[in-house]
>>> print(open('my_file-v9.cif').read())   # mmCIF, C-alpha atoms
data_data
#
loop_
_atom_site.label_atom_id
_atom_site.label_comp_id
_atom_site.auth_asym_id
_atom_site.auth_seq_id
_atom_site.Cartn_x
_atom_site.Cartn_y
_atom_site.Cartn_z
CA MET A 54 0.00 0.00 0.00
CA LEU A 55 1.28 3.44 -0.91
CA ARG A 56 1.60 5.68 2.08
CA GLY A 57 0.23 9.17 1.84
CA LEU A 58 2.59 11.97 0.96
CA LYS A 59 2.75 15.03 3.17
CA LEU A 60 4.31 18.22 1.85
CA TYR A 61 5.57 20.89 4.25
CA ASP A 62 4.90 23.78 1.98
CA CYS A 63 4.81 27.55 1.52
CA GLN A 64 2.35 28.90 -1.01
CA TYR A 65 4.46 31.75 -2.40
CA SER A 66 7.77 29.83 -2.49
CA GLY A 67 8.93 28.88 -5.97
CA ASN A 68 10.93 25.97 -4.55
CA CYS A 69 7.74 24.58 -2.99
CA TYR A 70 5.74 25.28 -6.15
CA LYS A 71 8.11 23.01 -8.11
CA VAL A 72 7.06 20.09 -5.93
CA ARG A 73 3.32 20.90 -6.03
CA LEU A 74 3.45 21.21 -9.81
CA LEU A 75 5.26 17.90 -10.36
CA LEU A 76 3.09 15.96 -7.89
CA HIS A 77 -0.05 17.34 -9.56
CA GLN A 78 1.23 16.46 -13.04
CA LEU A 79 2.10 12.98 -11.80
CA GLY A 80 -1.47 12.64 -10.48
CA ARG A 81 -0.14 12.03 -6.98
CA SER A 82 -2.34 13.25 -4.15
CA PHE A 83 -0.68 14.74 -1.09
CA ASP A 84 -1.51 16.54 2.11
CA ARG A 85 -0.21 20.06 2.49
CA VAL A 86 1.07 21.65 5.67
CA GLU A 87 1.48 25.39 5.11
CA VAL A 88 4.50 26.57 7.09
CA ASP A 89 4.75 30.23 8.13
CA VAL A 90 8.27 30.75 6.82
CA LYS A 91 8.26 34.52 7.26
CA GLY A 92 7.09 34.06 10.86
CA GLY A 93 9.91 31.63 11.68
CA GLY A 94 7.98 28.39 11.18
CA THR A 95 10.99 26.61 9.66
CA ARG A 96 13.21 27.50 12.64
CA THR A 97 11.11 26.02 15.47
CA PRO A 98 12.53 23.06 17.41
CA ALA A 99 9.66 20.89 16.12
CA PHE A 100 10.37 21.71 12.47
CA LEU A 101 14.16 21.44 12.86
CA LYS A 102 13.58 17.92 14.16
CA LEU A 103 11.88 17.10 10.84
CA ASN A 104 14.44 18.97 8.71
CA PRO A 105 17.68 20.01 10.45
CA VAL A 106 18.41 22.37 7.55
CA GLY A 107 15.31 24.39 8.49
CA LYS A 108 13.75 24.78 5.06
CA VAL A 109 10.71 24.00 2.98
CA PRO A 110 9.82 22.18 0.84
CA LEU A 111 10.08 19.03 2.91
CA LEU A 112 8.34 15.91 1.64
CA ASP A 113 7.32 13.31 4.20
CA LEU A 114 7.08 9.97 2.43
CA GLY A 115 5.84 8.09 5.49
CA GLY A 116 7.68 5.54 7.60
CA GLY A 117 10.03 8.20 8.95
CA ARG A 118 11.41 8.93 5.48
CA ARG A 119 11.68 12.62 4.69
CA LEU A 120 13.33 14.39 1.79
CA SER A 121 14.39 18.03 1.48
CA GLU A 122 15.96 20.15 -1.28
CA SER A 123 13.36 20.90 -3.95
CA ASN A 124 15.38 19.56 -6.87
CA ALA A 125 16.23 16.32 -5.04
CA ILE A 126 12.50 15.84 -4.48
CA LEU A 127 11.85 16.44 -8.19
CA LEU A 128 14.42 13.81 -9.22
CA TYR A 129 13.12 11.26 -6.72
CA MET A 130 9.44 11.69 -7.53
CA ALA A 131 9.97 11.86 -11.32
CA GLU A 132 11.91 8.57 -11.48
CA GLY A 133 10.29 6.29 -14.05
CA SER A 134 7.95 9.03 -15.31
CA PRO A 135 8.04 10.96 -18.61
CA PHE A 136 9.42 13.96 -16.68
CA LEU A 137 12.92 12.46 -16.41
CA PRO A 138 14.77 11.32 -19.56
CA THR A 139 15.83 7.68 -19.78
CA ASP A 140 18.82 8.43 -22.02
CA SER A 141 21.77 8.73 -19.65
CA PHE A 142 23.28 11.84 -21.22
CA GLU A 143 19.96 13.70 -21.51
CA ARG A 144 19.33 12.76 -17.90
CA ALA A 145 22.75 14.15 -16.96
CA LYS A 146 21.82 17.39 -18.71
CA VAL A 147 18.72 17.55 -16.48
CA TYR A 148 21.05 17.19 -13.48
CA GLN A 149 23.22 19.97 -14.91
CA TRP A 150 20.28 22.37 -15.23
CA LEU A 151 19.01 21.52 -11.75
CA PHE A 152 22.38 22.27 -10.14
CA TRP A 153 22.78 25.40 -12.26
CA GLU A 154 19.34 26.56 -11.12
CA GLN A 155 20.26 26.24 -7.45
CA TYR A 156 23.72 27.81 -7.82
CA SER A 157 23.39 30.47 -10.51
CA HIS A 158 19.68 31.29 -10.90
CA GLU A 159 17.77 30.89 -7.63
CA PRO A 160 20.32 32.79 -5.43
CA CYS A 161 19.80 35.92 -7.53
CA ILE A 162 16.35 35.72 -9.14
CA ALA A 163 14.49 34.14 -6.22
CA VAL A 164 16.35 36.21 -3.63
CA ALA A 165 15.58 39.49 -5.42
CA ARG A 166 11.90 38.46 -5.54
CA HIS A 167 11.98 37.56 -1.86
CA LEU A 168 13.47 40.94 -0.92
CA MET A 169 10.96 42.90 -3.00
CA ARG A 170 7.77 40.84 -2.89
CA VAL A 171 7.92 39.06 0.45
CA LEU A 172 9.88 41.60 2.51
CA GLY A 173 8.67 44.67 0.56
CA LYS A 174 12.12 46.24 0.12
CA THR A 175 12.85 48.97 -2.43
CA PRO A 176 16.19 49.29 -4.25
CA SER A 177 17.12 52.30 -2.13
CA GLU A 178 16.48 50.32 1.05
CA GLU A 179 18.32 47.22 -0.18
CA PRO A 180 21.67 47.79 -1.91
CA ARG A 181 22.03 44.06 -2.60
CA LEU A 182 19.34 44.30 -5.28
CA ALA A 183 21.65 45.91 -7.87
CA GLU A 184 24.10 43.03 -7.61
CA LEU A 185 21.31 40.44 -7.72
CA TRP A 186 19.89 42.06 -10.86
CA GLU A 187 23.27 41.91 -12.60
CA LYS A 188 23.81 38.25 -11.70
CA GLY A 189 20.20 37.39 -12.57
CA ARG A 190 20.61 39.04 -15.95
CA GLN A 191 23.59 36.77 -16.65
CA ALA A 192 21.48 33.73 -15.73
CA LEU A 193 18.62 34.84 -17.99
CA GLU A 194 21.06 35.31 -20.87
CA VAL A 195 22.27 31.73 -20.46
CA MET A 196 18.65 30.52 -20.65
CA GLN A 197 17.82 32.78 -23.61
CA ALA A 198 20.81 31.51 -25.62
CA HIS A 199 20.00 27.88 -24.83
CA LEU A 200 16.26 28.12 -25.51
CA ALA A 201 16.71 30.10 -28.73
CA SER A 202 17.15 26.80 -30.57
CA ARG A 203 15.23 24.40 -28.31
CA ALA A 204 11.66 23.88 -27.17
CA PHE A 205 12.66 22.60 -23.71
CA LEU A 206 15.83 22.56 -21.62
CA SER A 207 16.86 18.92 -22.10
CA GLY A 208 15.93 15.92 -24.19
CA GLY A 209 13.55 17.75 -26.53
CA ARG A 210 10.64 17.42 -24.14
CA TYR A 211 9.23 18.83 -20.93
CA SER A 212 11.12 17.54 -17.88
CA VAL A 213 11.80 18.39 -14.25
CA ALA A 214 14.54 20.73 -15.54
CA ASP A 215 11.76 22.88 -17.04
CA ILE A 216 9.73 22.68 -13.83
CA ALA A 217 12.73 23.77 -11.75
CA LEU A 218 13.61 26.73 -13.97
CA TYR A 219 10.01 27.77 -14.57
CA ALA A 220 9.33 28.18 -10.85
CA TYR A 221 11.25 31.43 -10.35
CA THR A 222 11.64 32.56 -13.97
CA HIS A 223 7.89 33.02 -14.48
CA VAL A 224 7.71 35.32 -11.44
CA ALA A 225 11.06 37.04 -12.10
CA HIS A 226 9.19 40.33 -12.67
CA GLU A 227 8.24 40.28 -8.98
CA GLY A 228 11.97 40.66 -8.27
CA GLY A 229 12.38 43.52 -10.71
CA PHE A 230 13.49 41.53 -13.77
CA GLY A 231 12.05 42.38 -17.18
CA LEU A 232 11.82 39.59 -19.75
CA SER A 233 11.26 41.77 -22.83
CA ALA A 234 14.84 41.18 -24.00
CA TYR A 235 14.40 37.40 -23.78
CA PRO A 236 11.85 36.26 -26.39
CA ALA A 237 12.97 32.61 -26.28
CA ILE A 238 12.41 32.54 -22.53
CA ARG A 239 8.95 34.06 -22.92
CA ALA A 240 7.98 31.50 -25.58
CA TRP A 241 9.29 28.68 -23.37
CA LEU A 242 7.32 29.99 -20.36
CA GLU A 243 4.19 29.74 -22.52
CA ARG A 244 5.03 26.20 -23.61
CA VAL A 245 5.55 25.14 -20.00
CA ALA A 246 2.27 26.73 -18.93
CA GLN A 247 0.48 24.81 -21.70
CA GLN A 248 1.58 21.39 -20.45
CA PRO A 249 -1.19 19.02 -19.35
CA ARG A 250 -2.24 19.45 -15.72
CA HIS A 251 -0.24 22.66 -15.31
CA ILE A 252 -1.21 24.65 -12.23
CA PRO A 253 -0.21 28.20 -11.32
CA ILE A 254 1.88 29.01 -8.25
CA ASP A 255 -1.19 30.33 -6.43
CA HIS A 256 -3.33 27.25 -7.14
CA VAL A 257 -5.06 26.26 -3.92
CA PHE A 258 -5.48 22.52 -3.34
CA ARG A 259 -8.83 21.58 -1.74
CA MET B 75 34.93 2.06 -28.42
CA LEU B 76 34.96 4.35 -25.41
CA ARG B 77 35.99 7.83 -26.34
CA GLY B 78 38.60 9.54 -24.19
CA LEU B 79 37.44 11.88 -21.47
CA LYS B 80 38.82 15.39 -21.34
CA LEU B 81 38.48 17.41 -18.15
CA TYR B 82 38.73 21.19 -18.24
CA ASP B 83 40.16 21.55 -14.79
CA CYS B 84 41.66 23.84 -12.16
CA GLN B 85 44.07 22.26 -9.72
CA TYR B 86 43.09 24.22 -6.59
CA SER B 87 39.31 24.15 -7.22
CA GLY B 88 37.38 21.85 -4.90
CA ASN B 89 34.64 21.48 -7.50
CA CYS B 90 37.20 20.21 -10.01
CA TYR B 91 38.84 17.98 -7.40
CA LYS B 92 35.51 16.17 -6.91
CA VAL B 93 35.62 15.05 -10.53
CA ARG B 94 39.32 14.08 -10.50
CA LEU B 95 38.79 12.05 -7.32
CA LEU B 96 35.77 10.15 -8.64
CA LEU B 97 37.33 9.44 -12.05
CA HIS B 98 40.48 8.15 -10.37
CA GLN B 99 38.47 5.94 -7.98
CA LEU B 100 36.48 4.62 -10.94
CA GLY B 101 39.77 3.79 -12.68
CA ARG B 102 38.83 6.02 -15.62
CA SER B 103 41.69 7.70 -17.39
CA PHE B 104 41.22 11.23 -18.66
CA ASP B 105 43.13 14.08 -20.20
CA ARG B 106 43.41 17.27 -18.18
CA VAL B 107 43.31 20.80 -19.52
CA GLU B 108 44.34 23.19 -16.76
CA VAL B 109 42.35 26.41 -17.16
CA ASP B 110 43.72 29.67 -15.73
CA VAL B 111 40.53 30.62 -13.89
CA LYS B 112 42.11 33.50 -11.96
CA GLY B 113 43.51 34.89 -15.20
CA GLY B 114 40.10 34.84 -16.94
CA GLY B 115 40.50 31.53 -18.77
CA THR B 116 36.84 30.56 -18.24
CA ARG B 117 35.61 33.86 -19.72
CA THR B 118 37.34 33.72 -23.11
CA PRO B 119 35.14 33.41 -26.24
CA ALA B 120 36.71 30.01 -26.94
CA PHE B 121 35.88 28.65 -23.50
CA LEU B 122 32.38 30.18 -23.42
CA LYS B 123 31.69 28.32 -26.65
CA LEU B 124 32.43 25.07 -24.80
CA ASN B 125 30.55 26.07 -21.63
CA PRO B 126 28.27 29.12 -21.90
CA VAL B 127 28.14 29.28 -18.10
CA GLY B 128 31.88 30.01 -18.05
CA LYS B 129 32.96 27.60 -15.35
CA VAL B 130 35.12 24.61 -14.63
CA PRO B 131 34.91 21.69 -14.17
CA LEU B 132 33.71 20.88 -17.66
CA LEU B 133 33.89 17.27 -18.80
CA ASP B 134 34.13 16.61 -22.52
CA LEU B 135 32.77 13.14 -23.20
CA GLY B 136 33.59 13.22 -26.91
CA GLY B 137 31.23 13.45 -29.85
CA GLY B 138 30.32 17.02 -28.96
CA ARG B 139 28.87 15.99 -25.61
CA ARG B 140 29.98 18.17 -22.70
CA LEU B 141 28.77 18.28 -19.14
CA SER B 142 29.20 21.01 -16.54
CA GLU B 143 28.23 21.44 -12.86
CA SER B 144 30.50 19.30 -10.69
CA ASN B 145 27.74 17.40 -8.92
CA ALA B 146 25.93 16.62 -12.20
CA ILE B 147 29.21 15.16 -13.47
CA LEU B 148 29.51 13.06 -10.28
CA LEU B 149 25.99 11.63 -10.71
CA TYR B 150 26.52 10.88 -14.40
CA MET B 151 29.91 9.22 -14.02
CA ALA B 152 28.95 7.26 -10.87
CA GLU B 153 25.89 5.66 -12.47
CA GLY B 154 26.10 1.88 -12.07
CA SER B 155 29.12 2.08 -9.75
CA PRO B 156 29.34 1.46 -5.98
CA PHE B 157 29.53 5.24 -5.48
CA LEU B 158 25.80 5.76 -6.11
CA PRO B 159 23.22 3.80 -4.08
CA THR B 160 20.80 1.57 -5.96
CA ASP B 161 18.06 1.91 -3.33
CA SER B 162 15.83 4.72 -4.59
CA PHE B 163 15.47 6.51 -1.25
CA GLU B 164 19.18 6.31 -0.37
CA ARG B 165 19.90 7.59 -3.86
CA ALA B 166 17.47 10.47 -3.27
CA LYS B 167 19.35 11.29 -0.07
CA VAL B 168 22.53 11.52 -2.15
CA TYR B 169 20.71 14.01 -4.39
CA GLN B 170 19.64 15.92 -1.28
CA TRP B 171 23.22 16.24 0.00
CA LEU B 172 24.52 17.25 -3.42
CA PHE B 173 21.98 20.07 -3.74
CA TRP B 174 22.55 21.10 -0.14
CA GLU B 175 26.30 21.25 -0.81
CA GLN B 176 25.85 23.61 -3.75
CA TYR B 177 23.29 25.83 -2.02
CA SER B 178 24.26 25.91 1.66
CA HIS B 179 27.91 24.78 1.93
CA GLU B 180 29.93 25.73 -1.14
CA PRO B 181 28.68 29.37 -1.36
CA CYS B 182 30.10 30.08 2.11
CA ILE B 183 32.92 27.58 2.76
CA ALA B 184 34.40 27.52 -0.75
CA VAL B 185 33.89 31.25 -1.26
CA ALA B 186 35.65 32.14 2.03
CA ARG B 187 38.56 29.90 0.97
CA HIS B 188 38.64 31.55 -2.45
CA LEU B 189 38.78 35.02 -0.93
CA MET B 190 41.53 34.12 1.54
CA ARG B 191 43.63 31.51 -0.25
CA VAL B 192 43.25 32.36 -3.93
CA LEU B 193 42.78 36.13 -3.72
CA GLY B 194 44.82 36.60 -0.52
CA LYS B 195 42.25 38.79 1.26
CA THR B 196 42.31 39.43 5.01
CA PRO B 197 39.15 39.87 7.12
CA SER B 198 39.79 43.60 7.41
CA GLU B 199 40.02 43.91 3.63
CA GLU B 200 36.96 41.73 2.98
CA PRO B 201 33.91 42.42 5.15
CA ARG B 202 31.99 39.55 3.48
CA LEU B 203 34.16 37.04 5.36
CA ALA B 204 32.33 37.50 8.68
CA GLU B 205 29.00 36.63 7.08
CA LEU B 206 30.49 33.67 5.21
CA TRP B 207 31.98 32.32 8.45
CA GLU B 208 28.61 32.50 10.20
CA LYS B 209 26.80 30.72 7.36
CA GLY B 210 29.59 28.19 7.01
CA ARG B 211 29.40 27.44 10.72
CA GLN B 212 25.70 26.63 10.32
CA ALA B 213 26.54 24.25 7.46
CA LEU B 214 29.26 22.52 9.49
CA GLU B 215 26.81 22.07 12.38
CA VAL B 216 24.36 20.31 10.06
CA MET B 217 27.14 17.93 8.96
CA GLN B 218 28.37 17.37 12.52
CA ALA B 219 24.87 16.45 13.75
CA HIS B 220 24.28 14.10 10.83
CA LEU B 221 27.67 12.38 10.97
CA ALA B 222 27.59 11.98 14.77
CA SER B 223 25.62 8.75 14.26
CA ARG B 224 26.74 7.73 10.76
CA ALA B 225 29.94 6.64 9.05
CA PHE B 226 29.01 8.24 5.71
CA LEU B 227 26.41 10.73 4.49
CA SER B 228 23.97 8.33 2.82
CA GLY B 229 23.34 4.62 2.50
CA GLY B 230 25.88 3.52 5.11
CA ARG B 231 28.73 3.62 2.62
CA TYR B 232 31.02 5.97 0.76
CA SER B 233 29.24 7.66 -2.15
CA VAL B 234 29.46 10.73 -4.38
CA ALA B 235 27.73 12.63 -1.56
CA ASP B 236 30.88 12.13 0.52
CA ILE B 237 33.10 13.12 -2.40
CA ALA B 238 31.11 16.33 -2.94
CA LEU B 239 31.16 17.37 0.72
CA TYR B 240 34.76 16.31 1.30
CA ALA B 241 36.07 18.56 -1.47
CA TYR B 242 35.67 21.86 0.38
CA THR B 243 35.26 20.61 3.96
CA HIS B 244 38.77 19.14 4.11
CA VAL B 245 40.26 22.50 3.10
CA ALA B 246 37.81 24.62 5.13
CA HIS B 247 40.73 25.81 7.31
CA GLU B 248 42.10 27.62 4.25
CA GLY B 249 38.98 29.79 4.45
CA GLY B 250 39.38 30.46 8.15
CA PHE B 251 37.16 27.67 9.51
CA GLY B 252 38.30 25.61 12.47
CA LEU B 253 37.05 22.05 12.77
CA SER B 254 37.99 21.47 16.42
CA ALA B 255 34.34 21.75 17.50
CA TYR B 256 33.28 19.10 14.98
CA PRO B 257 34.78 15.72 15.97
CA ALA B 258 32.33 13.72 13.84
CA ILE B 259 33.34 15.72 10.77
CA ARG B 260 37.04 15.15 11.50
CA ALA B 261 36.52 11.39 11.90
CA TRP B 262 34.53 11.31 8.65
CA LEU B 263 37.26 13.25 6.80
CA GLU B 264 39.71 10.53 7.89
CA ARG B 265 37.36 7.76 6.73
CA VAL B 266 37.00 9.42 3.34
CA ALA B 267 40.77 9.88 3.00
CA GLN B 268 41.24 6.16 3.74
CA GLN B 269 39.06 5.00 0.85
CA PRO B 270 40.79 2.93 -1.85
CA ARG B 271 42.43 5.02 -4.58
CA HIS B 272 41.93 8.26 -2.66
CA ILE B 273 44.04 11.13 -4.01
CA PRO B 274 44.65 14.52 -2.41
CA ILE B 275 43.52 17.77 -4.05
CA ASP B 276 47.09 18.57 -5.10
CA HIS B 277 47.70 15.17 -6.70
CA VAL B 278 49.34 15.74 -10.07
CA PHE B 279 48.34 13.34 -12.85
CA ARG B 280 51.22 12.35 -15.13
#
>>> encode(input="my_file-v9.cif", output="structure tokens")
Amino acid sequence: MLRGLKLYDCQYSGNCYKVRLLLHQLGRSFDRVEVDVKGGGTRTPAFLKLNPVGKVPLLDLGGGRRLSESNAILLYMAEGSPFLPTDSFERAKVYQWLFWEQYSHEPCIAVARHLMRVLGKTPSEEPRLAELWEKGRQALEVMQAHLASRAFLSGGRYSVADIALYAYTHVAHEGGFGLSAYPAIRAWLERVAQQPRHIPIDHVFR
Amino acid sequence: MLRGLKLYDCQYSGNCYKVRLLLHQLGRSFDRVEVDVKGGGTRTPAFLKLNPVGKVPLLDLGGGRRLSESNAILLYMAEGSPFLPTDSFERAKVYQWLFWEQYSHEPCIAVARHLMRVLGKTPSEEPRLAELWEKGRQALEVMQAHLASRAFLSGGRYSVADIALYAYTHVAHEGGFGLSAYPAIRAWLERVAQQPRHIPIDHVFR
């Protein structure tokens, strides 16, 4: 018998949205626990016992098995599905995009969005924003160049690499990034949003 | 016929060392191309054509296939070897540690080492160091707590998760981190260094 999945979640987090989107597209039901990240809900002793790193998303698989790091959850849950290539090199390219997302994309594009949208900072209040915009622009240029000749990031089809990069790219404007200079990214965002069983970041599960 | 592997490499880089260590432990021979990272060798038009992200390590597999992101290279090359668990959950935990390393460990511990060892900065010259030390300390505490009851990071045996975390942890002192408060980390570093075919970061391939 499959145990129920429980997702420790945060509605506005792009990292959490990745997991909700994949689980929904896989047709997997799950219980959601909304964690008040801004209010310190990931730093309580009870939560740190579940995830010593103190972050969401955290997926409880049952039987004491819990998994953190959004892109690790994507790889684990997508195993054997059409969302992870079977060809070993195309699969490795998915790995490459997932690590690139966490090292070179999320730390600028998601962090700028967090400062502006979640914490309500303006550029004059937050000098880090200028640096984040410059680094984020470099990341968007890498995506633009790659997607200029491809429909999806790896393997010629929609995969967890697209889910991972979509999560914060489609809300990049909330961090002050314009996408007008990146037509290939905008076309790709539309293709991702047209995938079967796509849900928006603010989709509320009932 | 297996094509020869070519590694675009940097001797002092922990991310590159991960790849050299795994390839050597797998018994795979490879050609090395030392790239002058400090001198801008990853930002030349010729290199950016090979890797648009402008970073080493970059592994050329032959036939126009190239892979970047150190931990993606580890996962790809370790497939089917004893360095990647076959159990799906233990394998997912390896993914988790690899993403954690790139998001929560490398950006503080490797960056502090880069500032001090490669660029020769002192704390008074580089105010970022204090923040990096605080974040790095948090990362080391996560490792200490995890390794206090385990010999290796995942699956009860040495894996690419250990290779990835060893790379910058064993030279953390070069970035100003002391490990005296972390006995479980020190014991684990010794276990990793005692693995068959271990090579140090400064091992020179002939």
>>> closest_atom_pairs(input="my_file-v9.cif", of="chain B", to="chain A", cutoff="6 Å", atoms="only C-alpha atoms", output="CSV")
residue,atom,partner,partner_atom,distance
B:Glu143,CA,A:Gln149,CA,5.6
B:Ala146,CA,A:Tyr148,CA,5.1
B:Tyr150,CA,A:Ala145,CA,5.6
B:Ala166,CA,A:Tyr129,CA,5.6
B:Tyr169,CA,A:Ala125,CA,5.1
B:Gln170,CA,A:Ala125,CA,5.1
>>> write_last_selection(input="my_file-v9.cif", atoms="C-alpha atoms", output="mmCIF file, in the frame of the given file")
data_model
loop_
_atom_site.group_PDB
_atom_site.id
_atom_site.type_symbol
_atom_site.label_atom_id
_atom_site.label_comp_id
_atom_site.auth_asym_id
_atom_site.auth_seq_id
_atom_site.Cartn_x
_atom_site.Cartn_y
_atom_site.Cartn_z
ATOM 1 C CA GLU B 143 28.230 21.440 -12.860
ATOM 2 C CA ALA B 146 25.930 16.620 -12.200
ATOM 3 C CA TYR B 150 26.520 10.880 -14.400
ATOM 4 C CA ALA B 166 17.470 10.470 -3.270
ATOM 5 C CA TYR B 169 20.710 14.010 -4.390
ATOM 6 C CA GLN B 170 19.640 15.920 -1.280
#
>>> residues_around(input="my_file-v9.cif", residues="Ala201 (chain A)", least_positions_apart="6", cutoff="10 Å", atoms="all atoms listed in the file", output="PyMOL selection string")
chain A and resi 235-238+240-241
>>> residues_around(input="my_file-v9.cif", residues="Thr97 (chain A)", least_positions_apart="6", cutoff="12 Å", atoms="only C-alpha atoms", output="number ranges by chain")
A: 88-90, 103-108
>>> resolve_selection(input="my_file-v9.cif", expression="the PyMOL selection byres ((chain B and resi 112) around 12)", output="list in words")
Cys84, Gln85, Tyr86, Ser87, Glu108, Val109, Asp110, Val111, Gly113, Gly114, Gly115, Thr116, Arg117, Lys129, Val130, His188, Leu189, Arg191, Val192 and Leu193 of chain B
>>> atom_distance(input="my_file-v9.cif", atom1="CA of Arg187 (chain B)", atom2="CA of Ala163 (chain A)")
25.5 Å
>>> resolve_selection(input="my_file-v9.cif", expression="the PyMOL selection byres ((chain A and resi 74) around 12)", output="MDAnalysis selection string")
chainID A and resid 64 67:73 75:83 123 126:127 130:131 136 212:213 215:217 219:220 245:246 248:258
>>> residues_around(input="my_file-v9.cif", residues="Asp105 (chain B)", least_positions_apart="3", cutoff="7 Å", atoms="all atoms listed in the file", output="NGL selection string")
:B and (79-81)
>>> resolve_selection(input="my_file-v9.cif", expression="the PyMOL selection byres ((chain A and resi 86) around 6)", output="list in words")
Tyr61, Asp62, Arg85 and Glu87 of chain A
>>> write_last_selection(input="my_file-v9.cif", atoms="C-alpha atoms", output="PDB file, in the coordinates of the input")
ATOM      1  CA  TYR A  61       5.570  20.890   4.250  1.00  0.00           C
ATOM      2  CA  ASP A  62       4.900  23.780   1.980  1.00  0.00           C
ATOM      3  CA  ARG A  85      -0.210  20.060   2.490  1.00  0.00           C
ATOM      4  CA  GLU A  87       1.480  25.390   5.110  1.00  0.00           C
TER       5      GLU A  87
END
>>> residues_around(input="my_file-v9.cif", residues="region 173-187 of chain A", least_positions_apart="6", cutoff="8 Å", atoms="all atoms listed in the file", output="PyMOL selection string")
chain A and resi 161-162+164-165+229-230
>>> write_last_selection(input="my_file-v9.cif", atoms="C-alpha atoms", output="CSV table (one decimal), in the frame of the given file")
chain,number,residue,atom,x,y,z
A,161,CYS,CA,19.8,35.9,-7.5
A,162,ILE,CA,16.4,35.7,-9.1
A,164,VAL,CA,16.4,36.2,-3.6
A,165,ALA,CA,15.6,39.5,-5.4
A,229,GLY,CA,12.4,43.5,-10.7
A,230,PHE,CA,13.5,41.5,-13.8
>>> atom_distance(input="my_file-v9.cif", atom1="CA of Glu164 (chain B)", atom2="CA of Arg224 (chain B)")
13.5 Å
>>> atom_distance(input="my_file-v9.cif", atom1="CA of Lys209 (chain B)", atom2="CA of Gly249 (chain B)")
12.6 Å
>>> build_atoms(input="my_file-v9.cif", residues="region 179-192 of chain A", atoms="N, CA and C atoms", output="tab-separated table (two decimals), keeping the file's coordinate frame")
chain	number	residue	atom	x	y	z
A	179	GLU	N	17.62	48.51	-0.12
A	179	GLU	CA	18.32	47.22	-0.18
A	179	GLU	C	19.38	47.26	-1.28
A	180	PRO	N	20.61	47.65	-0.91
A	180	PRO	CA	21.67	47.79	-1.91
A	180	PRO	C	22.04	46.48	-2.60
A	181	ARG	N	21.70	45.34	-1.96
A	181	ARG	CA	22.03	44.06	-2.60
A	181	ARG	C	21.30	43.85	-3.92
A	182	LEU	N	20.16	44.55	-4.10
A	182	LEU	CA	19.34	44.30	-5.28
A	182	LEU	C	20.10	44.56	-6.59
A	183	ALA	N	20.92	45.60	-6.62
A	183	ALA	CA	21.65	45.91	-7.87
A	183	ALA	C	22.54	44.74	-8.28
A	184	GLU	N	23.22	44.16	-7.30
A	184	GLU	CA	24.10	43.03	-7.61
A	184	GLU	C	23.30	41.80	-8.05
A	185	LEU	N	22.17	41.58	-7.37
A	185	LEU	CA	21.31	40.44	-7.72
A	185	LEU	C	20.76	40.60	-9.14
A	186	TRP	N	20.41	41.83	-9.50
A	186	TRP	CA	19.89	42.06	-10.86
A	186	TRP	C	20.95	41.76	-11.91
A	187	GLU	N	22.19	42.16	-11.64
A	187	GLU	CA	23.27	41.91	-12.60
A	187	GLU	C	23.52	40.40	-12.75
A	188	LYS	N	23.58	39.70	-11.63
A	188	LYS	CA	23.81	38.25	-11.70
A	188	LYS	C	22.61	37.53	-12.33
A	189	GLY	N	21.41	37.99	-11.99
A	189	GLY	CA	20.20	37.39	-12.57
A	189	GLY	C	20.14	37.59	-14.07
A	190	ARG	N	20.58	38.76	-14.52
A	190	ARG	CA	20.61	39.04	-15.95
A	190	ARG	C	21.54	38.05	-16.66
A	191	GLN	N	22.68	37.76	-16.06
A	191	GLN	CA	23.59	36.77	-16.65
A	191	GLN	C	22.92	35.39	-16.75
A	192	ALA	N	22.17	35.03	-15.72
A	192	ALA	CA	21.48	33.73	-15.73
A	192	ALA	C	20.42	33.71	-16.84
